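For reference, the structure discussed in these notes is given below.
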Amino acid sequence: MNHTASELSRCDSLRQTWQVISFWGLPAVVATLTIVLADRHPALLLAASAALAVMGGACLVNAARCRRLHCYLTAPYFLVLALGALLAYGFDLHGEQFSRLWLLLALAATPLLIWLPERLAGRKYLGAPGGEEGRECR
């Protein structure tokens, strides 16, 4: 039996403003600023990597809790970006500007990755198999 969208939405972290700000808003600002300022202090890429990992982890948790469609895509996307920031810090084969530009462009594409899958699928949540009628948030 599949859960309805209303049952799944109760567990959605995106319904809570403080969670959106804490797990996605602030880390996105930190990642963007640290990538931009990394030309002066390359170690800032470590902060960008940590911020992107927080965003990816939050998406993983949200995907498991409420099965929000775009979280299945953004979780690995943010984690790959976090790895990219680490690699840019560790060694940059194409020059510092190239890796920072790549990270900024990839981060700027995030809104499209959030909006497009749900728009194309015509739904926000993937159905969850089985379970009780009163599904509790994990």
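Each chain of the structure tokens is named A, B, ... in the order shown, its residues numbered from 1; ligands are numbered from 1 in display order.
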Margin query: Excluding range 50-55 of chain A and its own-chain neighbours fewer than 6 positions away, which residues fall within 7 Å of it when counting only C-alpha atoms? Please give them as a PyMOL selection string.
Written below: chain A and resi 23-24+27-28+30-31+78-79+81-82
Check: If we count only C-alpha atoms, what is near Leu37 in chain A at a cut-off of 12 Å, once residues fewer than 3 positions away on the same chain are taken out, given as a ChimeraX atom specification?
Finding: /A:30-34,40-48,96-97,100-101,104
Give me a file of those residues, with all heavy atoms, as a tab-separated table (two decimals), in the first residue's frame.
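And here's part-v4.tsv as it stands now:
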```
chain	number	residue	atom	x	y	z
A	30	VAL	N	27.26	29.72	2.89
A	30	VAL	CA	28.65	29.45	3.28
A	30	VAL	C	29.43	28.86	2.11
A	30	VAL	O	30.56	29.29	1.82
A	30	VAL	CB	28.69	28.51	4.51
A	30	VAL	CG1	30.10	27.97	4.75
A	30	VAL	CG2	28.19	29.23	5.74
A	31	ALA	N	28.86	27.88	1.44
A	31	ALA	CA	29.55	27.25	0.31
A	31	ALA	C	29.84	28.27	-0.78
A	31	ALA	O	30.96	28.32	-1.31
A	31	ALA	CB	28.71	26.10	-0.25
A	32	THR	N	28.86	29.09	-1.13
A	32	THR	CA	29.05	30.08	-2.19
A	32	THR	C	30.13	31.09	-1.80
A	32	THR	O	31.04	31.36	-2.60
A	32	THR	CB	27.73	30.80	-2.49
A	32	THR	OG1	26.74	29.82	-2.84
A	32	THR	CG2	27.89	31.79	-3.61
A	33	LEU	N	30.03	31.64	-0.60
A	33	LEU	CA	31.01	32.64	-0.18
A	33	LEU	C	32.42	32.07	-0.07
A	33	LEU	O	33.39	32.72	-0.49
A	33	LEU	CB	30.60	33.26	1.16
A	33	LEU	CG	29.40	34.20	1.12
A	33	LEU	CD1	29.04	34.65	2.53
A	33	LEU	CD2	29.68	35.39	0.23
A	34	THR	N	32.54	30.88	0.47
A	34	THR	CA	33.87	30.31	0.62
A	34	THR	C	34.49	29.92	-0.72
A	34	THR	O	35.70	30.04	-0.89
A	34	THR	CB	33.86	29.11	1.58
A	34	THR	OG1	32.91	28.15	1.13
A	34	THR	CG2	33.53	29.54	2.99
A	40	ARG	N	41.96	33.72	-2.29
A	40	ARG	CA	42.86	34.30	-1.29
A	40	ARG	C	43.28	33.28	-0.25
A	40	ARG	O	44.40	33.32	0.25
A	40	ARG	CB	42.18	35.48	-0.61
A	40	ARG	CG	41.93	36.61	-1.56
A	40	ARG	CD	41.42	37.84	-0.81
A	40	ARG	NE	40.98	38.81	-1.80
A	40	ARG	CZ	39.77	39.30	-1.88
A	40	ARG	NH1	38.86	38.93	-1.01
A	40	ARG	NH2	39.46	40.17	-2.80
A	41	HIS	N	42.35	32.40	0.10
A	41	HIS	CA	42.60	31.39	1.14
A	41	HIS	C	42.06	30.04	0.67
A	41	HIS	O	40.90	29.72	0.92
A	41	HIS	CB	41.93	31.79	2.46
A	41	HIS	CG	42.31	33.14	2.95
A	41	HIS	ND1	43.54	33.40	3.50
A	41	HIS	CD2	41.63	34.30	2.96
A	41	HIS	CE1	43.60	34.67	3.83
A	41	HIS	NE2	42.45	35.25	3.50
A	42	PRO	N	42.88	29.25	-0.01
A	42	PRO	CA	42.39	27.97	-0.55
A	42	PRO	C	41.78	27.04	0.50
A	42	PRO	O	40.94	26.21	0.18
A	42	PRO	CB	43.64	27.34	-1.17
A	42	PRO	CG	44.53	28.49	-1.46
A	42	PRO	CD	44.25	29.51	-0.40
A	43	ALA	N	42.17	27.19	1.77
A	43	ALA	CA	41.61	26.33	2.82
A	43	ALA	C	40.11	26.55	2.99
A	43	ALA	O	39.42	25.70	3.56
A	43	ALA	CB	42.34	26.59	4.14
A	44	LEU	N	39.58	27.66	2.47
A	44	LEU	CA	38.14	27.89	2.54
A	44	LEU	C	37.36	26.83	1.76
A	44	LEU	O	36.18	26.63	2.00
A	44	LEU	CB	37.79	29.29	2.03
A	44	LEU	CG	38.18	30.44	2.95
A	44	LEU	CD1	37.91	31.77	2.28
A	44	LEU	CD2	37.45	30.35	4.27
A	45	LEU	N	38.03	26.17	0.82
A	45	LEU	CA	37.36	25.10	0.09
A	45	LEU	C	36.98	23.95	1.02
A	45	LEU	O	36.03	23.22	0.74
A	45	LEU	CB	38.23	24.60	-1.06
A	45	LEU	CG	38.35	25.57	-2.24
A	45	LEU	CD1	39.41	25.09	-3.22
A	45	LEU	CD2	37.02	25.75	-2.93
A	46	LEU	N	37.69	23.81	2.13
A	46	LEU	CA	37.32	22.80	3.12
A	46	LEU	C	35.99	23.15	3.77
A	46	LEU	O	35.16	22.28	4.02
A	46	LEU	CB	38.41	22.65	4.17
A	46	LEU	CG	39.76	22.14	3.66
A	46	LEU	CD1	40.79	22.17	4.77
A	46	LEU	CD2	39.61	20.75	3.07
A	47	ALA	N	35.77	24.43	4.05
A	47	ALA	CA	34.49	24.87	4.60
A	47	ALA	C	33.38	24.68	3.58
A	47	ALA	O	32.26	24.29	3.94
A	47	ALA	CB	34.57	26.34	5.03
A	48	ALA	N	33.68	24.95	2.31
A	48	ALA	CA	32.68	24.74	1.25
A	48	ALA	C	32.32	23.26	1.17
A	48	ALA	O	31.15	22.90	1.04
A	48	ALA	CB	33.22	25.24	-0.09
A	96	GLU	N	43.36	27.06	-10.27
A	96	GLU	CA	42.39	27.33	-9.22
A	96	GLU	C	41.09	27.93	-9.75
A	96	GLU	O	40.02	27.60	-9.31
A	96	GLU	CB	43.02	28.28	-8.20
A	96	GLU	CG	42.18	28.50	-7.00
A	96	GLU	CD	42.88	29.36	-5.99
A	96	GLU	OE1	44.10	29.43	-6.01
A	96	GLU	OE2	42.17	29.99	-5.19
A	97	GLN	N	41.19	28.80	-10.72
A	97	GLN	CA	39.99	29.46	-11.26
A	97	GLN	C	39.03	28.45	-11.90
A	97	GLN	O	37.82	28.59	-11.76
A	97	GLN	CB	40.37	30.53	-12.29
A	97	GLN	CG	41.10	31.70	-11.70
A	97	GLN	CD	40.23	32.52	-10.77
A	97	GLN	OE1	39.02	32.45	-10.79
A	97	GLN	NE2	40.86	33.29	-9.90
A	100	ARG	N	37.06	26.44	-9.15
A	100	ARG	CA	36.13	27.31	-8.43
A	100	ARG	C	34.96	27.68	-9.33
A	100	ARG	O	33.81	27.71	-8.89
A	100	ARG	CB	36.84	28.55	-7.92
A	100	ARG	CG	37.72	28.27	-6.74
A	100	ARG	CD	38.42	29.47	-6.17
A	100	ARG	NE	37.66	30.69	-6.24
A	100	ARG	CZ	38.06	31.78	-6.92
A	100	ARG	NH1	39.20	31.80	-7.56
A	100	ARG	NH2	37.31	32.86	-6.92
A	101	LEU	N	35.23	27.96	-10.59
A	101	LEU	CA	34.15	28.30	-11.52
A	101	LEU	C	33.22	27.10	-11.70
A	101	LEU	O	32.00	27.25	-11.69
A	101	LEU	CB	34.72	28.73	-12.87
A	101	LEU	CG	33.71	29.08	-13.94
A	101	LEU	CD1	32.86	30.27	-13.51
A	101	LEU	CD2	34.42	29.38	-15.25
A	104	LEU	N	31.01	26.78	-8.61
A	104	LEU	CA	29.97	27.82	-8.56
A	104	LEU	C	28.87	27.56	-9.58
A	104	LEU	O	27.69	27.73	-9.28
A	104	LEU	CB	30.60	29.20	-8.79
A	104	LEU	CG	31.37	29.78	-7.61
A	104	LEU	CD1	32.06	31.07	-8.02
A	104	LEU	CD2	30.46	30.01	-6.42
```
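Across the structure, CA of Val80 in chain A and CA of Leu113 in chain A are spaced 14.0 Å apart.
One finds CA of Leu87 in chain A at 23.6 Å from CA of Gly25 in chain A.
Put simply, CA of Val36 in chain A is 16.9 Å away from CA of Thr110 in chain A.
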Checklist line | Every residue of range 6-135 of chain A that DSSP places in helix (DSSP H, G or I), as a ChimeraX atom specification | finding: /A:6-9,13-15,17-37,44-66,69-90,96-108,110-121
Note to self: I'd like the contact shell of Glu118 in chain A - 7 Å cut-off, only C-alpha atoms, skipping same-chain residues fewer than 4 positions apart - returned as JSON, numbers by chain.
What the structure shows: {"A": [69, 70, 122, 123, 124]}
Write the residues of the selection above to a file with N, CA and C atoms, as a PDB file, in the first residue's frame.
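Output file selection-v8.pdb follows:
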```pdb
ATOM      1  N   LEU A  69      10.950  13.433  -4.053  1.00  0.00           N
ATOM      2  CA  LEU A  69      11.572  13.039  -5.307  1.00  0.00           C
ATOM      3  C   LEU A  69      12.909  13.732  -5.549  1.00  0.00           C
ATOM      4  N   HIS A  70      12.957  15.052  -5.427  1.00  0.00           N
ATOM      5  CA  HIS A  70      14.207  15.719  -5.785  1.00  0.00           C
ATOM      6  C   HIS A  70      15.335  15.422  -4.803  1.00  0.00           C
ATOM      7  N   GLY A 122       5.267  15.395 -12.073  1.00  0.00           N
ATOM      8  CA  GLY A 122       3.929  15.799 -11.667  1.00  0.00           C
ATOM      9  C   GLY A 122       3.594  15.446 -10.227  1.00  0.00           C
ATOM     10  N   ARG A 123       4.620  15.197  -9.423  1.00  0.00           N
ATOM     11  CA  ARG A 123       4.394  14.879  -8.009  1.00  0.00           C
ATOM     12  C   ARG A 123       5.657  15.185  -7.220  1.00  0.00           C
ATOM     13  N   LYS A 124       5.476  15.352  -5.904  1.00  0.00           N
ATOM     14  CA  LYS A 124       6.614  15.667  -5.035  1.00  0.00           C
ATOM     15  C   LYS A 124       7.200  14.434  -4.370  1.00  0.00           C
TER      16      LYS A 124
END
```
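The shortest atom-to-atom distance to Leu107 in chain A, with only C-alpha atoms taken into account, belongs to A:Ile35 out of A:Leu60, A:Ile35, A:Val20, A:Cys66.
Shortest separation to Trp115 in chain A among A:Ala88, A:Trp18, A:Leu83, A:Cys71 occurs at residue A:Cys71, atoms counted being only C-alpha atoms.
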